[in-house]
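Below: run.cif (mmCIF, C-alpha atoms and all ligand atoms)
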```
data_input
loop_
_atom_site.label_atom_id
_atom_site.label_comp_id
_atom_site.auth_asym_id
_atom_site.auth_seq_id
_atom_site.Cartn_x
_atom_site.Cartn_y
_atom_site.Cartn_z
CA MET A 5 0.00 0.00 0.00
CA ARG A 6 1.43 3.37 -1.05
CA VAL A 7 0.30 6.45 0.84
CA TYR A 8 0.52 9.90 -0.72
CA PHE A 9 0.31 12.64 1.92
CA ASP A 10 2.06 15.38 -0.03
CA TYR A 11 -0.91 17.15 -1.62
CA ASN A 12 0.57 20.59 -0.91
CA ALA A 13 3.46 19.73 -3.24
CA THR A 14 1.07 18.59 -5.92
CA THR A 15 -2.14 16.58 -6.33
CA PRO A 16 -3.17 13.65 -8.52
CA VAL A 17 -5.01 14.85 -11.63
CA ALA A 18 -8.74 14.03 -11.37
CA ALA A 19 -10.25 11.71 -14.00
CA ASP A 20 -12.67 14.40 -15.27
CA VAL A 21 -9.71 16.75 -15.74
CA VAL A 22 -7.68 14.17 -17.68
CA GLU A 23 -10.71 13.50 -19.89
CA ALA A 24 -11.26 17.19 -20.61
CA MET A 25 -7.59 17.66 -21.48
CA VAL A 26 -7.44 14.62 -23.75
CA ARG A 27 -10.63 15.69 -25.53
CA VAL A 28 -9.38 19.22 -26.09
CA THR A 29 -5.90 18.08 -27.18
CA ARG A 30 -7.46 15.74 -29.74
CA ASP A 31 -10.41 17.78 -30.99
CA THR A 32 -9.60 21.46 -30.47
CA PHE A 33 -6.20 22.27 -31.88
CA GLY A 34 -7.06 25.71 -33.26
CA ASN A 35 -5.29 28.91 -32.24
CA ALA A 36 -7.77 30.83 -30.09
CA SER A 37 -6.79 34.08 -31.83
CA SER A 38 -7.85 32.77 -35.26
CA VAL A 39 -11.12 34.10 -36.63
CA HIS A 40 -12.12 30.87 -38.37
CA HIS A 41 -14.13 28.00 -36.93
CA PHE A 42 -11.09 26.15 -35.49
CA GLY A 43 -9.95 29.25 -33.63
CA GLN A 44 -13.41 30.03 -32.33
CA GLN A 45 -13.78 26.49 -31.01
CA ALA A 46 -10.57 26.94 -28.99
CA LYS A 47 -11.74 30.36 -27.81
CA ALA A 48 -15.01 28.84 -26.59
CA ILE A 49 -13.09 26.29 -24.50
CA ILE A 50 -11.00 29.10 -22.96
CA ASP A 51 -14.09 31.21 -22.23
CA GLU A 52 -15.74 28.29 -20.46
CA ALA A 53 -12.63 27.68 -18.33
CA ARG A 54 -12.41 31.40 -17.52
CA SER A 55 -15.98 31.37 -16.22
CA ALA A 56 -15.25 28.27 -14.09
CA VAL A 57 -12.17 29.89 -12.51
CA ALA A 58 -14.06 33.15 -11.93
CA ALA A 59 -16.90 31.24 -10.24
CA LEU A 60 -14.47 29.44 -7.90
CA ILE A 61 -13.19 32.75 -6.49
CA ASN A 62 -16.25 34.99 -7.00
CA GLY A 63 -14.56 37.06 -9.70
CA ASP A 64 -15.79 38.26 -13.05
CA PRO A 65 -14.50 36.20 -16.02
CA SER A 66 -13.02 39.39 -17.54
CA GLU A 67 -10.78 39.70 -14.46
CA VAL A 68 -9.15 36.28 -14.87
CA VAL A 69 -5.80 36.07 -16.71
CA PHE A 70 -4.41 32.61 -17.46
CA THR A 71 -0.76 32.01 -16.64
CA ALA A 72 1.69 29.11 -16.56
CA GLY A 73 1.07 28.47 -12.85
CA GLY A 74 1.39 29.93 -9.37
CA THR A 75 4.96 31.14 -9.82
CA GLU A 76 4.09 33.18 -12.89
CA SER A 77 0.93 34.55 -11.25
CA ASP A 78 2.94 35.73 -8.23
CA ASN A 79 5.64 37.22 -10.48
CA PHE A 80 3.00 38.96 -12.58
CA ALA A 81 1.28 40.45 -9.51
CA VAL A 82 4.43 41.76 -7.85
CA ARG A 83 6.48 42.79 -10.90
CA GLY A 84 3.44 43.99 -12.82
CA VAL A 85 2.40 46.35 -10.00
CA ALA A 86 6.01 47.48 -9.47
CA ASP A 87 6.30 48.33 -13.17
CA ALA A 88 3.02 50.25 -13.07
CA PHE A 89 4.03 52.27 -9.98
CA GLU A 90 7.73 52.83 -10.69
CA ALA A 91 7.23 56.23 -12.31
CA THR A 92 4.97 57.48 -9.47
CA GLY A 93 7.75 57.31 -6.88
CA ARG A 94 5.89 54.76 -4.78
CA LYS A 95 8.77 52.32 -4.54
CA HIS A 96 8.12 50.24 -1.43
CA LEU A 97 6.87 46.65 -1.31
CA ILE A 98 5.75 44.64 1.71
CA ALA A 99 5.38 40.86 1.97
CA SER A 100 5.17 38.44 4.87
CA ALA A 101 8.32 36.55 5.86
CA ILE A 102 6.53 33.23 5.24
CA GLU A 103 5.63 33.79 1.58
CA HIS A 104 6.51 31.25 -1.09
CA GLU A 105 9.82 31.83 -2.92
CA ALA A 106 7.84 32.97 -5.96
CA VAL A 107 7.03 36.15 -4.00
CA LEU A 108 10.16 36.39 -1.82
CA ASN A 109 12.65 36.06 -4.66
CA THR A 110 10.66 38.49 -6.80
CA LEU A 111 10.94 41.04 -3.99
CA ARG A 112 14.68 40.35 -3.81
CA ALA A 113 15.01 40.92 -7.57
CA LEU A 114 13.15 44.23 -7.27
CA ALA A 115 15.32 45.25 -4.31
CA ARG A 116 18.33 44.89 -6.61
CA ARG A 117 16.55 47.31 -8.94
CA GLY A 118 16.27 49.94 -6.22
CA TRP A 119 12.94 49.07 -4.60
CA ARG A 120 12.66 49.21 -0.79
CA THR A 121 11.22 45.98 0.57
CA THR A 122 9.92 45.03 4.01
CA LEU A 123 9.25 41.50 5.27
CA LEU A 124 6.52 41.29 7.87
CA PRO A 125 7.27 38.99 10.79
CA VAL A 126 4.82 36.36 12.03
CA ASP A 127 4.18 35.21 15.59
CA GLU A 128 4.76 31.67 16.83
CA SER A 129 1.37 30.62 15.50
CA GLY A 130 2.47 31.59 11.98
CA VAL A 131 -0.01 34.43 11.59
CA VAL A 132 0.71 37.98 10.34
CA SER A 133 -0.47 40.66 12.73
CA PRO A 134 -2.45 43.55 11.18
CA GLU A 135 -0.85 45.84 13.77
CA ARG A 136 2.62 45.01 12.49
CA LEU A 137 1.49 45.83 8.95
CA ARG A 138 0.13 49.17 10.11
CA GLU A 139 3.54 49.99 11.63
CA VAL A 140 5.47 49.45 8.38
CA MET A 141 3.02 50.99 5.89
CA THR A 142 4.13 54.29 4.37
CA GLY A 143 2.80 56.68 1.77
CA ASP A 144 5.34 55.10 -0.61
CA THR A 145 4.03 51.55 -0.35
CA ALA A 146 2.81 50.30 -3.71
CA LEU A 147 1.86 46.71 -2.82
CA VAL A 148 1.28 44.42 0.14
CA SER A 149 1.56 40.71 -0.67
CA VAL A 150 0.45 38.19 1.96
CA MET A 151 -0.49 34.61 1.17
CA HIS A 152 -3.99 33.36 1.97
CA ALA A 153 -2.87 29.94 3.27
CA ASN A 154 0.69 28.88 4.00
CA ASN A 155 2.03 25.86 2.12
CA GLU A 156 4.07 24.43 5.02
CA ILE A 157 1.85 24.86 8.06
CA GLY A 158 -1.52 25.64 6.47
CA THR A 159 -2.30 28.74 8.53
CA VAL A 160 -4.85 31.11 7.00
CA GLN A 161 -3.99 34.81 7.18
CA PRO A 162 -6.39 37.69 8.00
CA ILE A 163 -6.34 38.99 4.41
CA ARG A 164 -9.44 41.15 4.73
CA GLU A 165 -8.01 43.14 7.61
CA LEU A 166 -4.58 43.42 5.96
CA ALA A 167 -6.18 44.59 2.70
CA GLY A 168 -8.11 47.27 4.58
CA ILE A 169 -4.84 48.65 6.01
CA ALA A 170 -3.09 48.51 2.62
CA HIS A 171 -5.96 50.43 1.01
CA GLU A 172 -6.05 53.09 3.76
CA HIS A 173 -2.51 53.96 2.62
CA GLY A 174 -3.28 53.87 -1.11
CA ALA A 175 -1.44 50.56 -1.71
CA LEU A 176 -2.70 47.50 -3.58
CA MET A 177 -3.22 44.08 -1.97
CA HIS A 178 -2.08 40.80 -3.52
CA THR A 179 -2.80 37.42 -2.00
CA ASP A 180 -1.21 34.15 -3.07
CA ALA A 181 -4.17 31.77 -2.80
CA VAL A 182 -2.30 28.83 -4.36
CA GLN A 183 -2.74 26.74 -1.20
CA SER A 184 -6.31 27.81 -0.41
CA ALA A 185 -8.14 27.91 -3.76
CA GLY A 186 -10.04 24.66 -4.22
CA LYS A 187 -9.50 23.67 -0.55
CA ILE A 188 -11.57 26.27 1.28
CA ALA A 189 -14.02 28.89 0.05
CA VAL A 190 -12.04 31.73 -1.54
CA ASP A 191 -13.95 34.90 -2.32
CA ALA A 192 -11.54 37.39 -3.87
CA ARG A 193 -13.95 40.29 -3.38
CA ALA A 194 -14.83 39.48 0.22
CA LEU A 195 -11.10 39.19 0.97
CA GLY A 196 -10.71 42.76 -0.26
CA ALA A 197 -7.80 41.79 -2.53
CA ASP A 198 -6.87 43.52 -5.79
CA LEU A 199 -4.87 40.56 -7.10
CA LEU A 200 -5.12 36.84 -6.32
CA SER A 201 -2.93 33.96 -7.56
CA LEU A 202 -3.99 30.35 -8.00
CA SER A 203 -2.48 27.20 -9.51
CA ALA A 204 -4.29 24.22 -11.06
CA HIS A 205 -1.99 21.45 -9.87
CA LYS A 206 -2.77 22.18 -6.22
CA PHE A 207 -6.42 21.20 -6.76
CA ASN A 208 -6.31 18.16 -9.01
CA GLY A 209 -5.56 20.02 -12.22
CA PRO A 210 -2.50 19.96 -14.47
CA LYS A 211 0.90 21.48 -13.72
CA GLY A 212 1.92 24.62 -15.57
CA ALA A 213 -1.56 26.14 -15.52
CA GLY A 214 -2.73 28.93 -13.24
CA ALA A 215 -4.43 32.27 -13.13
CA LEU A 216 -4.06 35.74 -11.74
CA TRP A 217 -7.31 37.42 -10.80
CA ILE A 218 -6.95 41.16 -11.36
CA LYS A 219 -9.78 43.26 -9.97
CA ARG A 220 -11.19 45.52 -12.64
CA GLY A 221 -9.38 48.89 -12.71
CA THR A 222 -6.21 47.66 -10.95
CA ARG A 223 -3.01 49.33 -12.16
CA ILE A 224 -0.68 46.65 -13.50
CA GLN A 225 1.72 46.19 -16.41
CA PRO A 226 2.11 42.89 -18.28
CA ILE A 227 5.37 41.05 -17.67
CA LEU A 228 5.11 39.02 -20.88
CA THR A 229 4.88 41.31 -23.88
CA GLY A 230 3.96 40.25 -27.39
CA GLY A 231 0.56 39.67 -28.98
CA LYS A 232 -2.79 40.89 -27.70
CA HIS A 233 -3.72 37.70 -25.85
CA GLU A 234 -5.62 37.82 -22.57
CA ARG A 235 -6.77 41.40 -23.32
CA ASN A 236 -3.18 42.60 -23.62
CA ARG A 237 -2.32 41.33 -20.16
CA ARG A 238 -0.39 38.13 -20.96
CA ALA A 239 1.05 37.54 -24.40
CA GLY A 240 1.49 34.09 -25.93
CA THR A 241 -0.73 31.59 -27.75
CA GLU A 242 -2.96 30.03 -25.11
CA ASN A 243 -2.26 26.48 -23.93
CA VAL A 244 -5.84 25.38 -24.53
CA PRO A 245 -5.63 21.81 -23.08
CA ALA A 246 -3.96 23.11 -19.87
CA ILE A 247 -6.53 25.90 -19.56
CA ALA A 248 -9.35 23.38 -20.12
CA GLY A 249 -7.79 21.23 -17.37
CA LEU A 250 -7.67 24.20 -15.00
CA GLY A 251 -11.31 24.98 -15.80
CA ALA A 252 -12.41 21.38 -15.20
CA ALA A 253 -10.46 21.27 -11.91
CA ALA A 254 -12.04 24.55 -10.80
CA GLN A 255 -15.50 23.23 -11.60
CA LEU A 256 -14.84 20.00 -9.73
CA ALA A 257 -13.41 21.84 -6.72
CA ALA A 258 -16.37 24.23 -6.56
CA HIS A 259 -18.79 21.32 -6.80
CA LYS A 260 -17.10 19.24 -4.11
CA LEU A 261 -15.78 21.97 -1.84
CA ALA A 262 -18.30 21.76 0.99
CA ASP A 263 -18.18 17.95 1.31
CA GLN A 264 -14.46 17.68 0.66
CA GLN A 265 -13.51 20.27 3.24
CA GLY A 266 -15.32 18.32 5.96
CA GLN A 267 -14.05 14.90 4.90
CA VAL A 268 -10.42 15.94 4.54
CA GLY A 269 -10.61 17.81 7.85
CA VAL A 270 -11.83 14.68 9.67
CA LEU A 271 -8.96 12.62 8.19
CA ARG A 272 -6.34 15.27 9.00
CA ASP A 273 -7.58 15.54 12.59
CA ARG A 274 -7.56 11.75 12.96
CA LEU A 275 -3.98 11.64 11.67
CA GLU A 276 -2.84 14.53 13.85
CA GLU A 277 -4.45 13.20 17.01
CA GLY A 278 -3.21 9.69 16.25
CA ILE A 279 0.38 10.88 15.88
CA LEU A 280 0.30 13.10 18.98
CA ARG A 281 -1.16 10.18 20.98
CA SER A 282 1.07 7.36 19.72
CA VAL A 283 4.42 9.14 19.30
CA PRO A 284 5.86 10.80 22.43
CA GLY A 285 7.69 14.11 21.97
CA THR A 286 5.51 15.46 19.15
CA VAL A 287 3.96 18.90 18.78
CA VAL A 288 1.94 20.63 16.05
CA ASN A 289 3.55 23.73 14.52
CA GLY A 290 1.37 26.78 13.89
CA ALA A 291 -2.14 27.79 14.79
CA ARG A 292 -4.53 24.84 14.83
CA THR A 293 -7.62 27.00 14.65
CA SER A 294 -7.11 29.15 11.56
CA ARG A 295 -5.83 26.52 9.13
CA VAL A 296 -6.72 24.84 5.84
CA PRO A 297 -8.29 21.45 6.65
CA ASN A 298 -5.78 19.25 4.80
CA THR A 299 -2.44 20.21 6.39
CA THR A 300 -0.60 19.43 9.59
CA ASN A 301 3.04 20.19 10.37
CA ILE A 302 4.49 18.21 13.28
CA SER A 303 7.81 18.39 15.12
CA PHE A 304 9.31 15.07 16.24
CA ASP A 305 11.63 15.64 19.18
CA ARG A 306 15.16 14.17 18.75
CA VAL A 307 14.57 13.04 15.15
CA GLU A 308 16.08 14.46 11.96
CA ALA A 309 13.05 15.14 9.75
CA GLU A 310 15.02 14.19 6.66
CA SER A 311 15.84 10.73 8.08
CA LEU A 312 12.23 10.18 9.09
CA LEU A 313 11.05 11.26 5.64
CA ILE A 314 13.34 8.70 4.02
CA ALA A 315 12.34 5.97 6.48
CA LEU A 316 8.68 6.68 5.69
CA ASP A 317 9.39 6.65 1.96
CA LEU A 318 10.94 3.19 2.32
CA GLU A 319 7.61 2.12 3.88
CA GLY A 320 5.75 3.57 0.87
CA ILE A 321 4.58 6.73 2.65
CA ALA A 322 5.21 10.10 0.96
CA VAL A 323 5.35 13.24 3.12
CA SER A 324 7.52 16.35 3.06
CA THR A 325 9.87 18.52 5.09
CA GLY A 326 9.97 22.27 4.73
CA SER A 327 13.71 22.17 4.26
CA ALA A 328 15.07 23.01 0.86
CA CYS A 329 18.19 21.46 -0.56
CA SER A 330 20.38 24.28 -1.82
CA SER A 331 24.00 23.87 -2.92
CA GLY A 332 24.08 20.42 -1.39
CA SER A 333 23.21 21.58 2.14
CA LEU A 334 19.89 21.42 3.95
CA GLU A 335 18.40 24.83 4.64
CA PRO A 336 15.94 24.85 7.51
CA SER A 337 12.44 25.99 6.59
CA HIS A 338 12.22 29.78 6.34
CA VAL A 339 8.62 29.53 7.53
CA LEU A 340 9.40 27.73 10.80
CA ARG A 341 12.39 30.00 11.34
CA ALA A 342 10.22 33.10 10.86
CA MET A 343 7.86 31.69 13.51
CA GLY A 344 10.80 31.82 15.92
CA LEU A 345 11.14 28.06 16.39
CA PRO A 346 14.54 26.99 17.74
CA PRO A 347 16.93 25.31 15.23
CA HIS A 348 16.22 21.75 16.42
CA ARG A 349 12.49 22.26 15.79
CA THR A 350 13.01 23.70 12.33
CA GLN A 351 14.91 20.54 11.44
CA ASN A 352 12.67 17.91 12.96
CA SER A 353 9.35 18.86 11.38
CA LEU A 354 7.34 16.97 8.81
CA ARG A 355 4.39 18.19 6.76
CA PHE A 356 1.50 15.83 6.13
CA SER A 357 -0.93 17.15 3.51
CA LEU A 358 -4.03 15.23 2.49
CA GLY A 359 -6.54 15.60 -0.29
CA MET A 360 -9.36 14.37 -2.46
CA PHE A 361 -8.23 10.74 -2.67
CA SER A 362 -6.98 10.28 0.91
CA THR A 363 -8.57 7.47 2.91
CA VAL A 364 -8.97 6.45 6.53
CA GLN A 365 -6.92 3.31 5.80
CA GLU A 366 -4.01 5.48 4.70
CA VAL A 367 -4.28 7.58 7.85
CA ASP A 368 -4.32 4.49 10.06
CA ARG A 369 -1.36 2.98 8.22
CA VAL A 370 0.73 6.08 8.96
CA ILE A 371 -0.32 6.08 12.62
CA ASP A 372 0.58 2.39 12.75
CA VAL A 373 4.03 2.73 11.17
CA LEU A 374 5.29 6.01 12.68
CA PRO A 375 5.92 5.06 16.35
CA ARG A 376 8.24 2.22 15.34
CA LEU A 377 10.23 4.35 12.87
CA VAL A 378 10.58 7.25 15.29
CA GLU A 379 11.67 4.93 18.11
CA LYS A 380 14.23 3.29 15.82
CA LEU A 381 15.72 6.62 14.72
CA ARG A 382 15.84 7.85 18.31
CA SER A 383 17.61 4.72 19.49
CA LEU A 384 20.17 5.00 16.67
CA THR A 385 20.85 8.60 17.68
CA ARG A 386 21.15 7.55 21.36
CA THR A 387 23.72 4.87 20.56
CA GLY A 388 25.59 7.30 18.33
CA ARG A 389 25.25 5.11 15.26
CA SER A 390 24.78 6.60 11.87
CA VAL A 391 21.15 7.25 11.02
CA GLU A 392 21.72 7.33 7.29
CA LEU A 393 19.24 5.27 5.37
CA SER A 394 19.48 4.68 1.69
CA SER A 395 16.75 6.26 -0.38
CA PRO A 396 15.67 5.38 -3.89
CA HIS A 397 15.27 9.10 -4.61
CA GLU A 398 17.68 11.93 -5.10
CA ARG A 399 16.57 15.24 -3.69
CA GLY A 400 16.96 18.47 -5.59
C1 LIG A 501 1.95 29.17 -1.70
C2 LIG A 501 2.51 28.83 -3.04
N1 LIG A 501 2.67 29.80 -3.95
C3 LIG A 501 3.16 29.55 -5.17
C4 LIG A 501 3.51 28.28 -5.56
C5 LIG A 501 4.04 28.06 -6.94
O1 LIG A 501 3.07 27.49 -7.74
P1 LIG A 501 3.48 26.66 -9.08
O2 LIG A 501 4.03 25.36 -8.61
O3 LIG A 501 2.18 26.50 -9.82
O4 LIG A 501 4.45 27.48 -9.83
C6 LIG A 501 3.36 27.23 -4.64
C7 LIG A 501 3.78 25.86 -5.00
O5 LIG A 501 4.31 25.11 -4.19
C8 LIG A 501 2.85 27.50 -3.35
O6 LIG A 501 2.68 26.56 -2.44
#
```
In structure tokens, write the structure found in this file.
Amino acid sequence: MRVYFDYNATTPVAADVVEAMVRVTRDTFGNASSVHHFGQQAKAIIDEARSAVAALINGDPSEVVFTAGGTESDNFAVRGVADAFEATGRKHLIASAIEHEAVLNTLRALARRGWRTTLLPVDESGVVSPERLREVMTGDTALVSVMHANNEIGTVQPIRELAGIAHEHGALMHTDAVQSAGKIAVDARALGADLLSLSAHKFNGPKGAGALWIKRGTRIQPILTGGKHERNRRAGTENVPAIAGLGAAAQLAAHKLADQQGQVGVLRDRLEEGILRSVPGTVVNGARTSRVPNTTNISFDRVEAESLLIALDLEGIAVSTGSACSSGSLEPSHVLRAMGLPPHRTQNSLRFSLGMFSTVQEVDRVIDVLPRLVEKLRSLTRTGRSVELSSPHERG
């Protein structure tokens, strides 16, 4: 039995989505910009997908721009607003310290271009405080970017309040909803955002397909220039099968959201409680109240998360650490570090993320296997023996 509990990395593509993509690839090859029948057929597929994405986030279809995924949507939001504001002298950007690299590294790139950037701290629960935002806002701030749900710990941020503060100071509000769209209700308007990113492969759609919702009237420049696609906002011949897949995934998510949210939440809670009960020295990282229902991030005292991840993989169980492998060394998670966790806790945490196809049998298998693996790794550490385990995978 293989268990996949890494839905925040990516999700299996739903059967309806595969079918839609195969059908479109086979039957609708036209270029959506062509005026003839073949082009118009492709355009109709794109229009339908645009309406489905808009419905998922309570936007208007005209406000949805298709992109090649969450990274491009985040780049478009941050760089596009920076480009639009550069000449006005508003040259300050704010983001939370726990954003995805797609936002953080874009801020770093703009800092090299002369922009002032501020990273907002989070408290130990992993939540951004509106008061802290108020303290760092200035009349020069062009954009505030704070993610809706965090990919590592699942905490949901108070976007509505943060957006209110950004707007009081004349700045725009972007939210990266890559880890919330399709998992919980996301209403772009109710959140008060001006820009919202989402990505198909996080909710059972294909990789390389996403969207940026841009509220009508928002000042933004395109980052991809070329033809007049996407109402001059994103040049390039549309990837119609990928867009159809995103549309089908959005439709499926909207349809199943209410039931799914409850079911996944019950499984996650069963897993979390089972682990806390059966493995001594475990603690949940981040707020347990304001969280997406599919994610839990747990610290295992006196265990290297990387070793536990490999031991679990050898048992057929796929989970994740927040650590990133850069230049051959393990970097502790920037999210857990920003929460102020001590170094040993940033290196002994695993993320379990569930989804549409998760089952109670999978949850119980993990609860069954974990105590033995943790005990084994702890005893190896106690006796000073090497805890290296061979893995079939290379990590990037
Ligand atoms: C919060 C968040 N933003 C952005 C991204 C990037 O999305 P994509 O993989 O579609 O480029 C991810 C993916 O892990 C994410 O979790």
Exercise on ligand LIG 501 (chain A), axis-aligned box with 3 Å per side, report centre and edge lengths in Å to one decimal, as JSON:
```
{"center_x": 3.2, "center_y": 27.5, "center_z": -5.8, "size_x": 8.5, "size_y": 10.7, "size_z": 14.1}
```
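One finds atom CA of Ile163 of chain A at 9.0 Å from atom CA of Pro134 of chain A.
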Write out as a VMD selection string each polymer residue whose atoms come within 10 Å of Phe207 of chain A, counting all atoms listed in the file; drop sequence neighbours fewer than 2 positions from it. chain A and resid 11 to 12 14 to 18 182 to 187 202 to 205 209 to 210 250 253 to 254 256 to 257 359 to 360
Do you have, as CSV, the list of residues of chain A lying at most 6 Å from ligand LIG 501 (chain A), each with its nearest atom pair and that distance in Å to one decimal, counting all atoms listed in the file and ordered by chain then number?
```
residue,atom,partner,partner_atom,distance
A:Ala13,CA,A:LIG501,O5,5.5
A:Gly73,CA,A:LIG501,O3,3.8
A:Gly74,CA,A:LIG501,O1,3.4
A:Thr75,CA,A:LIG501,O4,3.7
A:His104,CA,A:LIG501,N1,5.0
A:Ala106,CA,A:LIG501,C3,5.9
A:Asn154,CA,A:LIG501,C1,5.8
A:Asn155,CA,A:LIG501,O6,4.7
A:Asp180,CA,A:LIG501,N1,5.9
A:Val182,CA,A:LIG501,C2,5.0
A:Gln183,CA,A:LIG501,C1,5.3
A:Ser203,CA,A:LIG501,O3,4.7
```
With a distance cut-off of 10 Å and all atoms listed in the file, select the neighbouring residues of Glu156 of chain A, excluding the residue or stretch itself and same-chain residues fewer than 5 positions from it, and output the selection as an MDAnalysis selection string. chainID A and resid 12:13 102 104 183 289:290 299:301 324:327 337:340 353:357
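Considering all atoms listed in the file, the residue among A:Leu124, A:Ala215, A:Val69, A:Ala101 positioned nearest to Glu234 of chain A is A:Val69.
Proximity of A:Ala258, A:Ala115, A:Val323, A:Val367 to Val270 of chain A, computed with all atoms listed in the file, is greatest for A:Val367.
In this model, the gap between atom CA of Leu384 of chain A and atom CA of Arg369 of chain A comes to 23.2 Å.
With distances taken over all atoms listed in the file, A:Ala88 is the one residue among A:Val378, A:Val57, A:Leu199, A:Ala88 lying closest to Ala146 of chain A.
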Atom pair atom CA of Asp20 of chain A + atom CA of Gly240 of chain A, distance 26.5 Å
Nearest-residue call for Glu319 of chain A, choices A:Val131, A:Leu97, A:Val7, A:Ala86, using only C-alpha atoms: A:Val7
List the spatial neighbours of Ala315 of chain A as a ChimeraX atom specification - criterion: any atom at most 8 Å away, only C-alpha atoms, same-chain residues fewer than 3 positions off excluded. /A:311-312,318-319,377,393
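Nearest-residue note for His152 of chain A: choosing from A:Ala113, A:Leu261, A:Leu216, A:Ala192, the minimum distance belongs to A:Ala192, counting only C-alpha atoms.
Among the candidates A:Phe70, A:Val22, A:Arg54, A:Thr179, the residue lying nearest to Asn236 of chain A is A:Phe70 (atoms considered: all atoms listed in the file).
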Just want the 10 Å neighbourhood of Val140 of chain A, counted on all atoms listed in the file, with same-chain residues fewer than 5 positions away dropped. Output as a PyMOL selection string. chain A and resi 98+122-124+135+145
Contacts of Ala194 of chain A at 10 Å (all atoms listed in the file; same-chain gap of 5+ positions) as an MDAnalysis selection string: chainID A and resid 61:62 163:164
